[in-house]
Amino acid sequence: MRDWSDRNREGALSEVAKLGRRFRQAEAVALMRDRKSNTEAIALIVGVDPKQPPILQSFELSENEKKTASKLADQIIRNLGQSEHGHELVLAALARAVAALTDNMDKIEA
């Protein structure tokens, strides 16, 4: 851990943010450990808007759901594979899509 003083406010805020990210990652891993042996556990953390709390979604998929998800993923990968954008931009686009899908699901469930 880095040593810093109270005078270095920006450094302190940066360290707190890093610790917060590590905590969210640990939380996502913990959610995945308690799954049934024949399921696939997925945890997503997306923070697109700094004014909104990060989105944390976790769920399990059955064997049939895994097959369907794989087919959908193949379609998405084929579509994104045609993009000339770099790896990080493609992942950023996926994160925004997850955020939008989660927002749409929240509105449907409300």
# chains A, B, ... in the order shown; residues from 1 in each chain; ligands from 1
$ residues_around --residues "Ile55 of chain A" --least-positions-apart "5" --cutoff "10 Å" --atoms "only C-alpha atoms" --output "JSON, numbers by chain"
{"A": [44, 45, 46, 47, 48, 49, 98, 99, 102, 103]}
$ write_last_selection --atoms "N, CA and C atoms" --output "tab-separated table (two decimals), in the first residue's frame"
chain	number	residue	atom	x	y	z
A	44	LEU	N	-21.34	-9.09	-13.39
A	44	LEU	CA	-20.95	-7.93	-14.19
A	44	LEU	C	-20.98	-6.68	-13.33
A	45	ILE	N	-19.94	-5.89	-13.44
A	45	ILE	CA	-19.91	-4.60	-12.76
A	45	ILE	C	-19.63	-3.56	-13.84
A	46	VAL	N	-20.55	-2.62	-13.98
A	46	VAL	CA	-20.40	-1.59	-15.01
A	46	VAL	C	-20.62	-0.23	-14.37
A	47	GLY	N	-19.65	0.65	-14.54
A	47	GLY	CA	-19.78	2.02	-14.07
A	47	GLY	C	-19.54	2.98	-15.21
A	48	VAL	N	-20.60	3.39	-15.87
A	48	VAL	CA	-20.48	4.27	-17.04
A	48	VAL	C	-20.63	5.73	-16.64
A	49	ASP	N	-21.61	6.01	-15.82
A	49	ASP	CA	-21.92	7.38	-15.42
A	49	ASP	C	-21.39	7.63	-14.01
A	98	VAL	N	-24.51	-3.22	-21.72
A	98	VAL	CA	-24.96	-3.86	-20.48
A	98	VAL	C	-25.70	-2.86	-19.62
A	99	ALA	N	-25.16	-1.65	-19.50
A	99	ALA	CA	-25.81	-0.62	-18.70
A	99	ALA	C	-27.20	-0.30	-19.26
A	102	THR	N	-29.58	-3.27	-18.65
A	102	THR	CA	-29.96	-3.33	-17.24
A	102	THR	C	-30.98	-2.25	-16.92
A	103	ASP	N	-30.77	-1.06	-17.45
A	103	ASP	CA	-31.72	0.03	-17.23
A	103	ASP	C	-33.08	-0.33	-17.82
$ closest_residue --among "A:Arg78, A:Ala73, A:Gly20, A:Ile42" --to "Pro54 of chain A" --atoms "only C-alpha atoms"
A:Gly20
$ atom_distance --atom1 "atom CA of Leu61 of chain A" --atom2 "atom CA of Arg22 of chain A"
25.3 Å
$ atom_distance --atom1 "atom CA of Ser58 of chain A" --atom2 "atom CA of Glu40 of chain A"
10.7 Å
$ select_by_dssp --residues "segment 47-89 of chain A" --states "strand (DSSP E or B)" --output "list in words"
Ile55, Leu56, Gln57, Ser58, Phe59, Glu60 and Leu61 of chain A
$ atom_distance --atom1 "atom CA of Gln52 of chain A" --atom2 "atom CA of Ala92 of chain A"
16.7 Å
